[in-house]
Each structure stands twice: as structure tokens, then as C-alpha cells.
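Student: Following this line is run16.cif, made up of mmCIF, C-alpha atoms:
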```cif
data_query
#
loop_
_atom_site.label_atom_id
_atom_site.label_comp_id
_atom_site.auth_asym_id
_atom_site.auth_seq_id
_atom_site.Cartn_x
_atom_site.Cartn_y
_atom_site.Cartn_z
CA MET A 1 -1.34 18.22 40.19
CA ALA A 2 0.56 21.45 39.68
CA LEU A 3 3.39 19.66 37.88
CA ASP A 4 0.97 18.06 35.44
CA THR A 5 -0.65 21.41 34.77
CA ALA A 6 2.73 23.01 34.10
CA LEU A 7 3.68 20.13 31.82
CA LEU A 8 0.47 20.39 29.82
CA GLU A 9 0.88 24.14 29.49
CA ARG A 10 4.49 23.72 28.34
CA THR A 11 3.57 21.13 25.73
CA ALA A 12 0.32 22.77 24.61
CA PRO A 13 1.85 24.25 21.40
CA LEU A 14 3.02 20.77 20.42
CA TYR A 15 -0.41 19.31 21.00
CA GLU A 16 -1.93 21.93 18.72
CA ARG A 17 0.10 20.45 15.86
CA VAL A 18 -1.71 17.13 16.20
CA ALA A 19 -5.04 18.21 17.67
CA ARG A 20 -6.92 17.14 14.53
CA VAL A 21 -5.74 13.53 14.77
CA ILE A 22 -5.08 12.89 18.50
CA PRO A 23 -7.99 13.32 20.97
CA ARG A 24 -7.21 15.84 23.69
CA VAL A 25 -7.93 13.25 26.37
CA GLU A 26 -4.96 11.19 25.13
CA TRP A 27 -2.38 13.98 25.23
CA PRO A 28 -1.65 13.79 29.01
CA THR A 29 -0.40 10.22 28.45
CA MET A 30 2.08 11.51 25.87
CA ALA A 31 3.13 14.92 27.15
CA GLY A 32 5.64 13.67 29.73
CA ASP A 33 7.58 11.61 27.20
CA VAL A 34 7.47 14.38 24.60
CA ASP A 35 8.80 16.91 27.09
CA ALA A 36 11.57 14.56 28.25
CA ILE A 37 12.61 13.69 24.69
CA LEU A 38 13.01 17.34 23.77
CA ARG A 39 15.18 17.89 26.85
CA LEU A 40 17.26 14.77 26.22
CA LYS A 41 17.90 15.76 22.61
CA ARG A 42 19.47 19.00 23.80
CA GLU A 43 21.52 17.27 26.48
CA ARG A 44 22.81 14.51 24.18
CA ASN A 45 23.19 16.63 21.04
CA ALA A 46 20.83 14.16 19.41
CA ILE A 47 18.53 14.30 16.41
CA ILE A 48 15.51 12.14 15.56
CA LEU A 49 14.85 10.92 12.03
CA ALA A 50 11.27 9.69 11.58
CA HIS A 51 9.72 7.87 8.66
CA ASN A 52 6.34 8.90 7.26
CA TYR A 53 4.76 5.81 8.84
CA GLN A 54 5.48 6.90 12.40
CA SER A 55 2.52 7.91 14.55
CA PRO A 56 1.67 11.65 14.68
CA GLU A 57 2.97 12.29 18.20
CA ILE A 58 6.41 11.14 17.02
CA PHE A 59 6.26 12.56 13.50
CA HIS A 60 5.01 16.03 14.43
CA CYS A 61 6.13 16.53 18.03
CA VAL A 62 9.65 15.11 18.54
CA ALA A 63 11.14 14.39 15.09
CA ASP A 64 13.72 16.73 13.57
CA VAL A 65 13.84 15.18 10.10
CA VAL A 66 10.84 13.43 8.53
CA GLY A 67 10.19 11.84 5.17
CA ASP A 68 10.32 8.71 3.08
CA SER A 69 13.31 6.39 2.79
CA LEU A 70 15.00 8.53 0.14
CA ALA A 71 14.54 11.77 2.07
CA LEU A 72 15.87 10.23 5.27
CA ALA A 73 18.87 8.79 3.42
CA ARG A 74 19.70 12.15 1.86
CA ARG A 75 19.17 14.16 5.05
CA ALA A 76 21.16 11.69 7.15
CA MET A 77 24.29 12.81 5.30
CA ASP A 78 23.85 16.38 6.55
CA VAL A 79 23.06 15.61 10.18
CA ASP A 80 24.84 17.88 12.67
CA ALA A 81 24.56 15.82 15.85
CA ASP A 82 26.49 13.29 17.89
CA VAL A 83 23.58 10.87 18.17
CA ILE A 84 20.97 9.85 15.60
CA VAL A 85 17.79 8.14 16.80
CA LEU A 86 16.02 6.41 13.94
CA ALA A 87 12.27 6.30 14.44
CA GLY A 88 11.65 3.69 11.80
CA VAL A 89 12.77 0.14 11.10
CA HIS A 90 16.16 -1.53 11.35
CA PHE A 91 17.31 -1.24 7.74
CA MET A 92 16.76 2.53 7.95
CA ALA A 93 18.97 2.72 11.03
CA GLU A 94 21.64 0.72 9.22
CA THR A 95 21.46 3.11 6.28
CA ALA A 96 21.86 6.08 8.61
CA LYS A 97 24.93 4.37 10.12
CA LEU A 98 26.39 3.66 6.69
CA LEU A 99 26.17 7.35 5.82
CA ASN A 100 27.34 8.53 9.26
CA PRO A 101 29.97 6.00 10.37
CA SER A 102 31.42 8.27 13.05
CA LYS A 103 28.08 8.98 14.73
CA THR A 104 26.14 6.93 17.24
CA VAL A 105 22.95 5.57 15.66
CA LEU A 106 20.22 4.21 17.93
CA ILE A 107 17.04 2.33 17.17
CA PRO A 108 14.50 2.29 20.02
CA ASP A 109 13.43 -1.33 19.40
CA MET A 110 15.65 -3.95 17.77
CA GLY A 111 12.54 -5.89 16.83
CA ALA A 112 11.45 -3.20 14.35
CA GLY A 113 12.13 -5.21 11.22
CA CYS A 114 10.64 -5.45 7.72
CA SER A 115 9.08 -8.27 5.74
CA LEU A 116 10.92 -7.12 2.63
CA ALA A 117 14.30 -7.05 4.36
CA ASP A 118 13.59 -10.53 5.74
CA SER A 119 12.72 -11.91 2.30
CA ILE A 120 16.26 -11.97 0.87
CA THR A 121 19.83 -12.65 1.98
CA ALA A 122 23.30 -11.87 0.68
CA ALA A 123 23.65 -15.53 -0.32
CA ASP A 124 20.51 -15.23 -2.47
CA ILE A 125 22.10 -12.40 -4.44
CA ARG A 126 25.31 -14.34 -4.98
CA LEU A 127 23.28 -17.20 -6.43
CA LEU A 128 21.36 -14.80 -8.68
CA ARG A 129 24.63 -13.41 -10.02
CA GLN A 130 25.65 -16.95 -10.95
CA ARG A 131 22.36 -17.47 -12.75
CA TYR A 132 22.41 -14.09 -14.52
CA PRO A 133 26.11 -13.26 -15.03
CA GLY A 134 26.81 -9.64 -15.86
CA VAL A 135 23.27 -8.40 -15.06
CA PRO A 136 23.44 -5.50 -12.58
CA VAL A 137 21.65 -5.87 -9.25
CA ILE A 138 19.45 -3.04 -8.00
CA THR A 139 18.45 -3.42 -4.38
CA TYR A 140 15.59 -1.60 -2.71
CA VAL A 141 16.70 0.26 0.41
CA ASN A 142 14.29 -1.94 2.39
CA THR A 143 17.10 -4.48 2.83
CA SER A 144 19.89 -5.29 5.25
CA ALA A 145 23.40 -3.87 4.93
CA ASP A 146 24.62 -7.38 4.02
CA VAL A 147 22.28 -7.41 1.02
CA LYS A 148 23.19 -3.87 -0.01
CA ALA A 149 26.85 -4.87 0.06
CA GLU A 150 26.21 -7.54 -2.59
CA SER A 151 24.40 -5.04 -4.85
CA ASP A 152 25.53 -2.64 -7.55
CA ILE A 153 23.19 0.18 -6.58
CA CYS A 154 20.22 0.83 -4.30
CA CYS A 155 16.90 2.47 -5.05
CA THR A 156 13.78 3.66 -3.25
CA SER A 157 10.19 3.69 -4.43
CA GLY A 158 10.67 7.36 -5.27
CA ASN A 159 13.67 6.96 -7.59
CA ALA A 160 13.43 3.35 -8.77
CA ARG A 161 12.71 4.12 -12.41
CA ALA A 162 15.49 6.71 -12.57
CA VAL A 163 17.94 4.23 -11.08
CA VAL A 164 16.90 1.47 -13.51
CA GLU A 165 17.33 3.73 -16.52
CA SER A 166 20.55 5.33 -15.23
CA LEU A 167 22.47 2.09 -15.76
CA GLY A 168 22.03 2.18 -19.53
CA VAL A 169 21.57 -1.58 -19.86
CA PRO A 170 18.72 -3.64 -21.38
CA ARG A 171 18.26 -5.92 -18.39
CA VAL A 172 18.52 -5.58 -14.59
CA ILE A 173 17.78 -7.59 -11.46
CA MET A 174 15.60 -5.61 -9.03
CA LEU A 175 15.19 -6.89 -5.49
CA PRO A 176 13.40 -7.79 -3.29
CA ASP A 177 9.95 -6.21 -3.82
CA GLU A 178 8.26 -8.09 -6.64
CA TYR A 179 5.36 -5.66 -6.93
CA LEU A 180 7.52 -2.54 -7.00
CA ALA A 181 9.67 -4.15 -9.71
CA GLN A 182 6.60 -5.12 -11.75
CA ASN A 183 5.14 -1.64 -11.45
CA ILE A 184 8.41 -0.03 -12.55
CA ALA A 185 8.70 -2.52 -15.44
CA ARG A 186 5.46 -1.13 -16.87
CA GLU A 187 7.06 2.34 -17.01
CA THR A 188 10.32 1.45 -18.75
CA SER A 189 11.64 -0.57 -21.68
CA VAL A 190 14.31 -2.15 -19.48
CA GLU A 191 13.67 -5.82 -18.73
CA ILE A 192 13.45 -6.37 -14.97
CA ILE A 193 14.12 -9.70 -13.28
CA THR A 194 12.18 -9.83 -10.00
CA TRP A 195 12.27 -11.53 -6.62
CA ALA A 196 9.19 -12.75 -4.74
CA GLY A 197 9.41 -10.41 -1.74
CA HIS A 198 6.36 -8.44 -0.59
CA CYS A 199 5.50 -5.77 1.97
CA GLU A 200 3.08 -7.29 4.46
CA VAL A 201 1.14 -4.00 4.61
CA HIS A 202 0.83 -3.15 0.93
CA GLU A 203 0.20 -6.68 -0.35
CA GLN A 204 -3.11 -6.67 1.56
CA PHE A 205 -4.73 -4.07 -0.70
CA THR A 206 -6.90 -5.38 -3.55
CA PRO A 207 -8.77 -3.96 -6.57
CA GLN A 208 -11.96 -4.94 -4.74
CA ASP A 209 -10.97 -2.57 -1.93
CA ILE A 210 -10.76 0.26 -4.45
CA ALA A 211 -14.09 -0.65 -6.04
CA GLN A 212 -15.76 -0.60 -2.62
CA LEU A 213 -14.17 2.73 -1.75
CA ARG A 214 -15.41 4.28 -4.99
CA GLU A 215 -18.90 2.92 -4.38
CA SER A 216 -19.03 4.12 -0.78
CA HIS A 217 -17.38 7.48 -1.41
CA PRO A 218 -18.28 8.81 -4.89
CA GLY A 219 -15.60 11.06 -6.32
CA ILE A 220 -12.85 9.81 -4.01
CA VAL A 221 -9.28 10.07 -5.31
CA VAL A 222 -7.32 6.86 -4.78
CA LEU A 223 -3.55 7.14 -4.25
CA ALA A 224 -1.49 3.95 -4.02
CA HIS A 225 2.05 3.11 -3.00
CA PRO A 226 4.01 1.17 -5.69
CA GLU A 227 4.61 -1.68 -3.22
CA CYS A 228 0.94 -2.53 -3.83
CA PRO A 229 0.14 -5.27 -6.37
CA PRO A 230 0.15 -4.05 -10.00
CA GLU A 231 -3.60 -4.54 -10.37
CA VAL A 232 -4.11 -2.19 -7.40
CA VAL A 233 -1.78 0.42 -8.84
CA GLU A 234 -3.60 0.17 -12.18
CA ALA A 235 -6.98 0.72 -10.49
CA ALA A 236 -5.74 3.75 -8.53
CA ASP A 237 -5.74 7.34 -9.78
CA PHE A 238 -2.06 7.87 -8.93
CA ALA A 239 0.82 5.82 -7.54
CA GLY A 240 4.03 6.98 -5.95
CA SER A 241 6.31 6.96 -2.95
CA THR A 242 5.07 8.34 0.35
CA ALA A 243 6.70 11.67 -0.51
CA MET A 244 4.91 11.70 -3.87
CA LEU A 245 1.57 10.87 -2.25
CA SER A 246 2.02 13.72 0.21
CA ASP A 247 2.99 16.10 -2.60
CA TYR A 248 -0.09 15.06 -4.59
CA VAL A 249 -2.37 16.04 -1.71
CA GLU A 250 -0.43 19.27 -1.15
CA GLN A 251 -0.57 20.35 -4.79
CA ARG A 252 -4.01 19.13 -5.90
CA LYS A 253 -5.96 19.19 -2.63
CA PRO A 254 -8.57 16.60 -3.61
CA PRO A 255 -11.80 17.08 -1.61
CA ARG A 256 -11.77 13.42 -0.60
CA VAL A 257 -8.81 11.04 -0.78
CA VAL A 258 -7.61 7.63 0.33
CA LEU A 259 -3.94 6.67 0.66
CA LEU A 260 -3.35 2.96 0.06
CA THR A 261 -0.35 2.66 2.34
CA GLU A 262 0.43 2.42 6.05
CA CYS A 263 -2.28 3.94 8.24
CA SER A 264 -0.29 6.65 10.04
CA MET A 265 0.64 8.24 6.72
CA SER A 266 -2.91 9.58 6.39
CA ASP A 267 -2.83 11.05 9.89
CA ASN A 268 0.48 12.79 9.26
CA VAL A 269 -0.63 14.31 5.96
CA ALA A 270 -4.08 15.23 7.32
CA VAL A 271 -2.51 17.46 9.97
CA HIS A 272 -1.61 19.97 7.26
CA HIS A 273 -4.82 19.67 5.21
CA PRO A 274 -7.98 20.28 7.22
CA GLU A 275 -9.81 20.97 3.96
CA VAL A 276 -9.26 17.40 2.72
CA ASP A 277 -11.44 14.48 3.83
CA PHE A 278 -9.17 11.47 4.38
CA ILE A 279 -10.76 8.02 4.22
CA ARG A 280 -8.57 5.59 6.14
CA PRO A 281 -8.41 1.86 5.34
CA CYS A 282 -6.21 1.23 8.35
CA ASN A 283 -3.45 -1.24 7.51
CA LEU A 284 -0.83 -0.86 10.22
CA CYS A 285 2.82 -1.87 9.95
CA PRO A 286 3.49 -3.90 13.11
CA HIS A 287 7.20 -3.12 12.85
CA MET A 288 6.85 0.65 12.59
CA LYS A 289 4.45 0.60 15.51
CA ARG A 290 7.13 -0.94 17.74
CA ILE A 291 8.62 2.56 17.88
CA THR A 292 6.96 4.61 20.62
CA LEU A 293 7.55 7.79 22.56
CA ALA A 294 8.47 5.66 25.57
CA ASN A 295 11.23 3.70 23.86
CA ILE A 296 12.56 6.77 22.05
CA ARG A 297 12.94 8.32 25.49
CA GLN A 298 14.62 5.17 26.79
CA ALA A 299 17.02 5.17 23.84
CA LEU A 300 18.11 8.71 24.65
CA GLU A 301 18.35 7.97 28.39
CA THR A 302 20.31 4.72 28.12
CA GLY A 303 21.98 4.77 24.69
CA ARG A 304 20.24 1.62 23.56
CA HIS A 305 20.06 0.04 21.06
CA GLU A 306 23.17 1.05 19.14
CA VAL A 307 23.26 -0.02 15.50
CA THR A 308 26.60 -1.20 14.15
CA VAL A 309 27.68 -2.53 10.76
CA ASP A 310 30.77 -4.62 10.11
CA PRO A 311 33.31 -2.25 8.48
CA ALA A 312 33.99 -4.62 5.58
CA VAL A 313 30.28 -4.88 4.83
CA ALA A 314 29.69 -1.17 5.44
CA GLU A 315 32.24 -0.07 2.86
CA ARG A 316 30.55 -2.01 0.05
CA ALA A 317 27.00 -1.25 1.20
CA ARG A 318 27.81 2.45 1.48
CA LEU A 319 28.97 2.49 -2.11
CA ALA A 320 25.62 1.08 -3.32
CA VAL A 321 23.73 3.74 -1.35
CA GLU A 322 26.00 6.56 -2.53
CA ARG A 323 25.54 5.48 -6.14
CA MET A 324 21.79 5.77 -5.62
CA LEU A 325 22.11 9.22 -4.10
CA ALA A 326 24.18 10.36 -7.08
CA VAL A 327 21.39 9.54 -9.56
#
```
Kindly return the structure encoded in the file as C-alpha cells.
Tutor:
Amino acid sequence: MALDTALLERTAPLYERVARVIPRVEWPTMAGDVDAILRLKRERNAIILAHNYQSPEIFHCVADVVGDSLALARRAMDVDADVIVLAGVHFMAETAKLLNPSKTVLIPDMGAGCSLADSITAADIRLLRQRYPGVPVITYVNTSADVKAESDICCTSGNARAVVESLGVPRVIMLPDEYLAQNIARETSVEIITWAGHCEVHEQFTPQDIAQLRESHPGIVVLAHPECPPEVVEAADFAGSTAMLSDYVEQRKPPRVVLLTECSMSDNVAVHHPEVDFIRPCNLCPHMKRITLANIRQALETGRHEVTVDPAVAERARLAVERMLAV
């Protein structure tokens, strides 16, 4: 059809961005939504924030701001738009709302949750404060606004150690990711009290996986996210946030690499590095994958689903996030 031909021609430059990771035969199923999203963004004065775990057609073709949790939190404060669409999970949309209370924040699917956020409640933190009076509570951004509101300061995987050491105390509570807290504890003299929360993607990786990768792909460089178990991080060549993993590939350009994190991360980094051979142990986040081009388009067309935070909770949660951003 002539319309389809015109659409494919109009979106061809966008496809070229992802041609290395999306087969050409699949692009016609995406082009219509991509084209509509770009139009709707202009009409609604909207901006799309996308996490590194989003699929390439979202990350490279419709997103305006991309990055890890810390980058999205920082950039959300400078957004010049009436509407923010968060292509990520619910706690990220809440954080964007906390930092932009006057803006409309939409999440395309309310079911896009997080195993870490689900692992702890505000009541849990109040009980921990009773058990450890006076010990400051550091909460990972992968938590609900209610949990952030009960915390002293937030952190991300990229700044966790800096946040821990910024408090100048010998002992902290760090929630809810047990593995992240254990990995940070190995890097600092501060005693860290942990909580038994885990990321359902990263907890699947094992040292045996790394051993098999090294046997099958001699010379491979293994990069791990710090939400992986400590024994996995110890067996890897480098560990860091998604931004740090991307920077490692950018700066060192290893001939062959594996990223022990969510599967789409490799696709998104590979787009910029045709010279690097990415081996992909594909662990998908079922929550991140609930965000699609189709429901991003629907969010912009209908204004659903708007994310709100109770003002009393938001004020306290915002303070914990702002303290983190000041470190």
C-alpha cells in the first residue's frame, strides 16, 4: 500500500539506528506506532524517559532521555514538558512524579512492577528502626514512594557506596536488595545491615554461568550488575550499574563481552559498538517488557495511566531522593 510505503520511508532513518539488533522484516510491525508516538509527543508537549532495560525500538527510536535509575532521576528534574511518559517500572514513574509534582506522569502499564519494590513495605522500615534505633536507613530507588518516605536517603547501584560513606557513621541499614548491600559492604568499612530482597533477573546468574561462558568463549570479558549475588560479582571482571557497564564497553571496547544483567541492555549497547561481539545470556525482566510501543502510544492518546503520590508521602519521599541527588 502507498501509505505503508510512505510510512516506511518516513521512519527509515529511525530503523537504521536499530538495524543491527532488529530484523528488517519486523520493522513494519513497529513503524506505525513509532511514527504516531513522535507525532503525539509534539502534540501533547510530552517527553519519554526510558530505562536501559527497555527494548531497542523504544530506547533508540522514541525515547528522549535514556539511562539508569540515577540518570533518569537526575534528568527528570530538568524536563521541559507538560507530560512525562516513563518507559520503565512503577517506582521509576513515582520518582519522576516526586521530582516533578506539577507535571503529568504516565506509565503505560500499571502492572510494570519490581520484585525489589514488592519485597519491603513502609511498616517493615518502622519495625527496623525500632530494632536498630538511631541507625540511618538507606533505601534503594527500586522501592515505592511509601518506603522512600520512611527512609533517610535513597541510593542507586551507581552511587550506593558514595551514599553509604557520605553519612559519616559506622553502621547503616541498606534496603531492600541484599546482594547490592553485600557487594557494597565489601568495598567500605561501614557496617551494613541488609534486607532479604532480590531482583528476580539478577539473582538467576551463578558462578557456574560465568565458568561456562569462559569455557565456551575464551577471552570473554564478564561484566556484572551489583544486584547479582556476591559470588557472581567476585567471579566477574567488572561490576557496576548499567551506566557503568555501558561506559566500560565504550571506553575499553573489549573484543567479546557479556553483560550479566537484563537482556535488552546488551542490544541497546551493541547498537553503538559494531566492533564488539556481545554474548547474550538472555534473562528478561517480565515487568520491563510490559512496556511496549503500543501502550506508550495508548498512554499518549488517552492520558492513561496517571501516576499520583499522596502529598504527605511525597514530601518526605522527595526529601530522601533529593538528599541522594546532592551526594
Student: Considering only C-alpha atoms, return as a VMD selection string whatever protein or nucleic-acid residues lie within 12 Å of Asn183 of chain A, sequence-local ones (same chain, fewer than 6 positions apart) excluded.
Tutor: chain A and resid 157 160 to 161 174 177 191 to 192 194 224 to 234 239 to 240
Student: From the options A:Ile58, A:Leu40, A:Ala50, A:Cys154, which residue's atoms come nearest to Ala317 of chain A, counting all atoms listed in the file?
Tutor: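 The shortest atom-to-atom distance to Ala317 of chain A comes from A:Cys154.
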Student: (5.4, 10.4, -3.5) in this file's frame - what residues fall within 12 Å of it? Use all atoms listed in the file and give the answer as a ChimeraX atom specification.
Tutor: /A:52,67-71,156-160,223-226,238-251,259,261,265,269
Student: Would you output that residue set with C-alpha atoms, as a short mmCIF file (atom, residue, chain, number, x, y, z; two decimals), in the frame of the given file?
Tutor:
```
data_model
loop_
_atom_site.label_atom_id
_atom_site.label_comp_id
_atom_site.auth_asym_id
_atom_site.auth_seq_id
_atom_site.Cartn_x
_atom_site.Cartn_y
_atom_site.Cartn_z
CA ASN A 52 6.34 8.90 7.26
CA GLY A 67 10.19 11.84 5.17
CA ASP A 68 10.32 8.71 3.08
CA SER A 69 13.31 6.39 2.79
CA LEU A 70 15.00 8.53 0.14
CA ALA A 71 14.54 11.77 2.07
CA THR A 156 13.78 3.66 -3.25
CA SER A 157 10.19 3.69 -4.43
CA GLY A 158 10.67 7.36 -5.27
CA ASN A 159 13.67 6.96 -7.59
CA ALA A 160 13.43 3.35 -8.77
CA LEU A 223 -3.55 7.14 -4.25
CA ALA A 224 -1.49 3.95 -4.02
CA HIS A 225 2.05 3.11 -3.00
CA PRO A 226 4.01 1.17 -5.69
CA PHE A 238 -2.06 7.87 -8.93
CA ALA A 239 0.82 5.82 -7.54
CA GLY A 240 4.03 6.98 -5.95
CA SER A 241 6.31 6.96 -2.95
CA THR A 242 5.07 8.34 0.35
CA ALA A 243 6.70 11.67 -0.51
CA MET A 244 4.91 11.70 -3.87
CA LEU A 245 1.57 10.87 -2.25
CA SER A 246 2.02 13.72 0.21
CA ASP A 247 2.99 16.10 -2.60
CA TYR A 248 -0.09 15.06 -4.59
CA VAL A 249 -2.37 16.04 -1.71
CA GLU A 250 -0.43 19.27 -1.15
CA GLN A 251 -0.57 20.35 -4.79
CA LEU A 259 -3.94 6.67 0.66
CA THR A 261 -0.35 2.66 2.34
CA MET A 265 0.64 8.24 6.72
CA VAL A 269 -0.63 14.31 5.96
#
```
Student: Using the chain letters and numbering of this document, enumerate as a list of chain:residue names the residues selected by the PyMOL selection byres ((chain A and resi 28) around 10).
Tutor: A:Asp4, A:Thr5, A:Leu7, A:Leu8, A:Thr11, A:Tyr15, A:Arg24, A:Val25, A:Glu26, A:Trp27, A:Thr29, A:Met30, A:Ala31, A:Gly32, A:Asp33
Student: Mind checking which residues fall within 7 Å of Leu99 of chain A, counting all atoms listed in the file, ignoring those fewer than 4 positions away in the same chain, and posting them as a ChimeraX atom specification?
Tutor: /A:76-77,95,318
Student: When distances are computed from all atoms listed in the file, which of A:Thr104, A:Ser216, A:Thr308, A:Ser266 shows the smallest separation from Phe91 of chain A?
Tutor: A:Thr308
Student: Take the PyMOL selection byres ((chain A and resi 258) around 6), apply it to the structure above, and return the hits as a list of chain:residue names.
Tutor: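 With the shown file as input, the PyMOL selection byres ((chain A and resi 258) around 6) matches A:Val222, A:Val257, A:Leu259, A:Phe278, A:Ile279.
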Student: Between A:Val327, A:Ala162, A:Ile184, A:Ala149, which residue has the minimum interatomic distance to Arg126 of chain A, considering all atoms listed in the file?
Tutor: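 Closest residue, counting all atoms listed in the file: A:Ala149.
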Student: If the box runs along x, y and z of the file and leaves 5 Å on each side of segment 55-67 of chain A, what are its centre and edge lengths in Å, one decimal, as lines of an AutoDock Vina configuration file?
Tutor:
```
center_x = 7.8
center_y = 12.3
center_z = 11.9
size_x = 22.2
size_y = 18.8
size_z = 23.4
```
Student: When you draw a straight line from atom CA of Val276 of chain A to atom CA of Glu203 of chain A, how long is it in Å?
Tutor: 26.1 Å
Student: Could you tell me how far atom CA of Val135 of chain A lies from atom CA of Leu116 of chain A, in Å and to one decimal?
Tutor: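 Going from atom CA of Val135 of chain A over to atom CA of Leu116 of chain A covers 21.6 Å.
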Student: Need the neighbours of (8.9, 7.3, 15.9): which residues are at most 7 Å away, counting only C-alpha atoms, as a list in words?
Tutor: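 Residues close enough to count: Ala50, Gln54, Ser55, Ile58, Phe59, Ala87, Gly88, Ile291, Thr292 and Leu293 of chain A.
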Student: Given the file above and the PyMOL selection byres ((chain A and resi 312-315) around 8), which residues are selected, and can you give them as a compact mmCIF listing (two decimals) with C-alpha atoms, in the coordinates of the input?
Tutor:
```txt
# COMPACT_ATOMS: atom_id res chain seq x y z
CA LEU A 98 26.39 3.66 6.69
CA ALA A 145 23.40 -3.87 4.93
CA ASP A 146 24.62 -7.38 4.02
CA ALA A 149 26.85 -4.87 0.06
CA VAL A 309 27.68 -2.53 10.76
CA ASP A 310 30.77 -4.62 10.11
CA PRO A 311 33.31 -2.25 8.48
CA ARG A 316 30.55 -2.01 0.05
CA ALA A 317 27.00 -1.25 1.20
CA ARG A 318 27.81 2.45 1.48
CA LEU A 319 28.97 2.49 -2.11
```
Student: Which polymer residues have any atom within 8 Å of an atom of Val65 of chain A, counting only C-alpha atoms, with same-chain residues fewer than 5 positions away left out, as a PDB file with C-alpha atoms, in the coordinates of the input?
Tutor:
```pdb
ATOM      1  CA  ILE A  47      18.530  14.300  16.410  1.00  0.00           C
ATOM      2  CA  ILE A  48      15.510  12.140  15.560  1.00  0.00           C
ATOM      3  CA  LEU A  49      14.850  10.920  12.030  1.00  0.00           C
ATOM      4  CA  ALA A  50      11.270   9.690  11.580  1.00  0.00           C
ATOM      5  CA  LEU A  72      15.870  10.230   5.270  1.00  0.00           C
ATOM      6  CA  ARG A  75      19.170  14.160   5.050  1.00  0.00           C
TER       7      ARG A  75
END
```
Student: Out of A:Leu260, A:Ile173, A:Glu187, A:Lys289, which residue has the shortest atom-to-atom distance to Pro207 of chain A when counting only C-alpha atoms?
Tutor: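 Nearest to Pro207 of chain A: A:Leu260.
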Student: Near Glu43 of chain A, within 12 Å and counting all atoms listed in the file, which residues show up once chain neighbours fewer than 5 positions away are dropped, as a PDB file with C-alpha atoms, in the frame of the given file?
Tutor:
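Result went into result-v9.pdb, see below:
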```pdb
ATOM      1  CA  ALA A  36      11.570  14.560  28.250  1.00  0.00           C
ATOM      2  CA  ILE A  37      12.610  13.690  24.690  1.00  0.00           C
ATOM      3  CA  LEU A  38      13.010  17.340  23.770  1.00  0.00           C
ATOM      4  CA  ALA A  81      24.560  15.820  15.850  1.00  0.00           C
ATOM      5  CA  ASP A  82      26.490  13.290  17.890  1.00  0.00           C
ATOM      6  CA  VAL A  83      23.580  10.870  18.170  1.00  0.00           C
ATOM      7  CA  LEU A 300      18.110   8.710  24.650  1.00  0.00           C
ATOM      8  CA  GLU A 301      18.350   7.970  28.390  1.00  0.00           C
TER       9      GLU A 301
END
```
Student: Could you state the separation of atom CA of Asp209 of chain A and atom CA of Leu284 of chain A in Å, given to one decimal place?
Tutor: 15.9 Å
Student: At a cut-off of 10 Å, using all atoms listed in the file, what residues contact Arg74 of chain A? Leave out same-chain residues fewer than 5 positions from it and give the result as an MDAnalysis selection string.
Tutor: chainID A and resid 69 79 96 99 321:322 325
Student: All heavy atoms are needed for segment 243-248 of chain A; please write them out as a JSON list (two decimals), in the frame of the given file.
Tutor:
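See rebuild_39.json below for the written result:
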```json
[["chain", "number", "residue", "atom", "x", "y", "z"],
["A", 243, "ALA", "N", 6.47, 10.25, -0.25],
["A", 243, "ALA", "CA", 6.70, 11.67, -0.51],
["A", 243, "ALA", "C", 5.83, 12.15, -1.68],
["A", 243, "ALA", "O", 5.26, 13.25, -1.64],
["A", 243, "ALA", "CB", 8.16, 11.93, -0.80],
["A", 244, "MET", "N", 5.72, 11.33, -2.71],
["A", 244, "MET", "CA", 4.91, 11.70, -3.87],
["A", 244, "MET", "C", 3.43, 11.77, -3.51],
["A", 244, "MET", "O", 2.71, 12.65, -4.00],
["A", 244, "MET", "CB", 5.13, 10.68, -5.00],
["A", 244, "MET", "CG", 6.51, 10.71, -5.61],
["A", 244, "MET", "SD", 6.70, 9.40, -6.84],
["A", 244, "MET", "CE", 8.39, 9.67, -7.38],
["A", 245, "LEU", "N", 2.97, 10.84, -2.67],
["A", 245, "LEU", "CA", 1.57, 10.87, -2.25],
["A", 245, "LEU", "C", 1.28, 12.14, -1.46],
["A", 245, "LEU", "O", 0.24, 12.79, -1.64],
["A", 245, "LEU", "CB", 1.24, 9.63, -1.42],
["A", 245, "LEU", "CG", 1.45, 8.26, -2.08],
["A", 245, "LEU", "CD1", 0.94, 7.16, -1.16],
["A", 245, "LEU", "CD2", 0.78, 8.18, -3.44],
["A", 246, "SER", "N", 2.19, 12.50, -0.57],
["A", 246, "SER", "CA", 2.02, 13.72, 0.21],
["A", 246, "SER", "C", 2.02, 14.95, -0.69],
["A", 246, "SER", "O", 1.19, 15.85, -0.53],
["A", 246, "SER", "CB", 3.14, 13.83, 1.25],
["A", 246, "SER", "OG", 3.01, 15.00, 2.02],
["A", 247, "ASP", "N", 2.92, 14.97, -1.67],
["A", 247, "ASP", "CA", 2.99, 16.10, -2.60],
["A", 247, "ASP", "C", 1.71, 16.20, -3.43],
["A", 247, "ASP", "O", 1.25, 17.31, -3.73],
["A", 247, "ASP", "CB", 4.20, 15.94, -3.53],
["A", 247, "ASP", "CG", 5.52, 16.19, -2.83],
["A", 247, "ASP", "OD1", 5.51, 16.75, -1.72],
["A", 247, "ASP", "OD2", 6.57, 15.81, -3.39],
["A", 248, "TYR", "N", 1.14, 15.06, -3.81],
["A", 248, "TYR", "CA", -0.09, 15.06, -4.59],
["A", 248, "TYR", "C", -1.20, 15.78, -3.82],
["A", 248, "TYR", "O", -1.91, 16.64, -4.36],
["A", 248, "TYR", "CB", -0.51, 13.63, -4.90],
["A", 248, "TYR", "CG", -1.70, 13.51, -5.82],
["A", 248, "TYR", "CD1", -1.54, 13.18, -7.17],
["A", 248, "TYR", "CD2", -3.00, 13.72, -5.35],
["A", 248, "TYR", "CE1", -2.64, 13.07, -8.00],
["A", 248, "TYR", "CE2", -4.10, 13.61, -6.18],
["A", 248, "TYR", "CZ", -3.91, 13.28, -7.51],
["A", 248, "TYR", "OH", -5.00, 13.17, -8.35]]
```
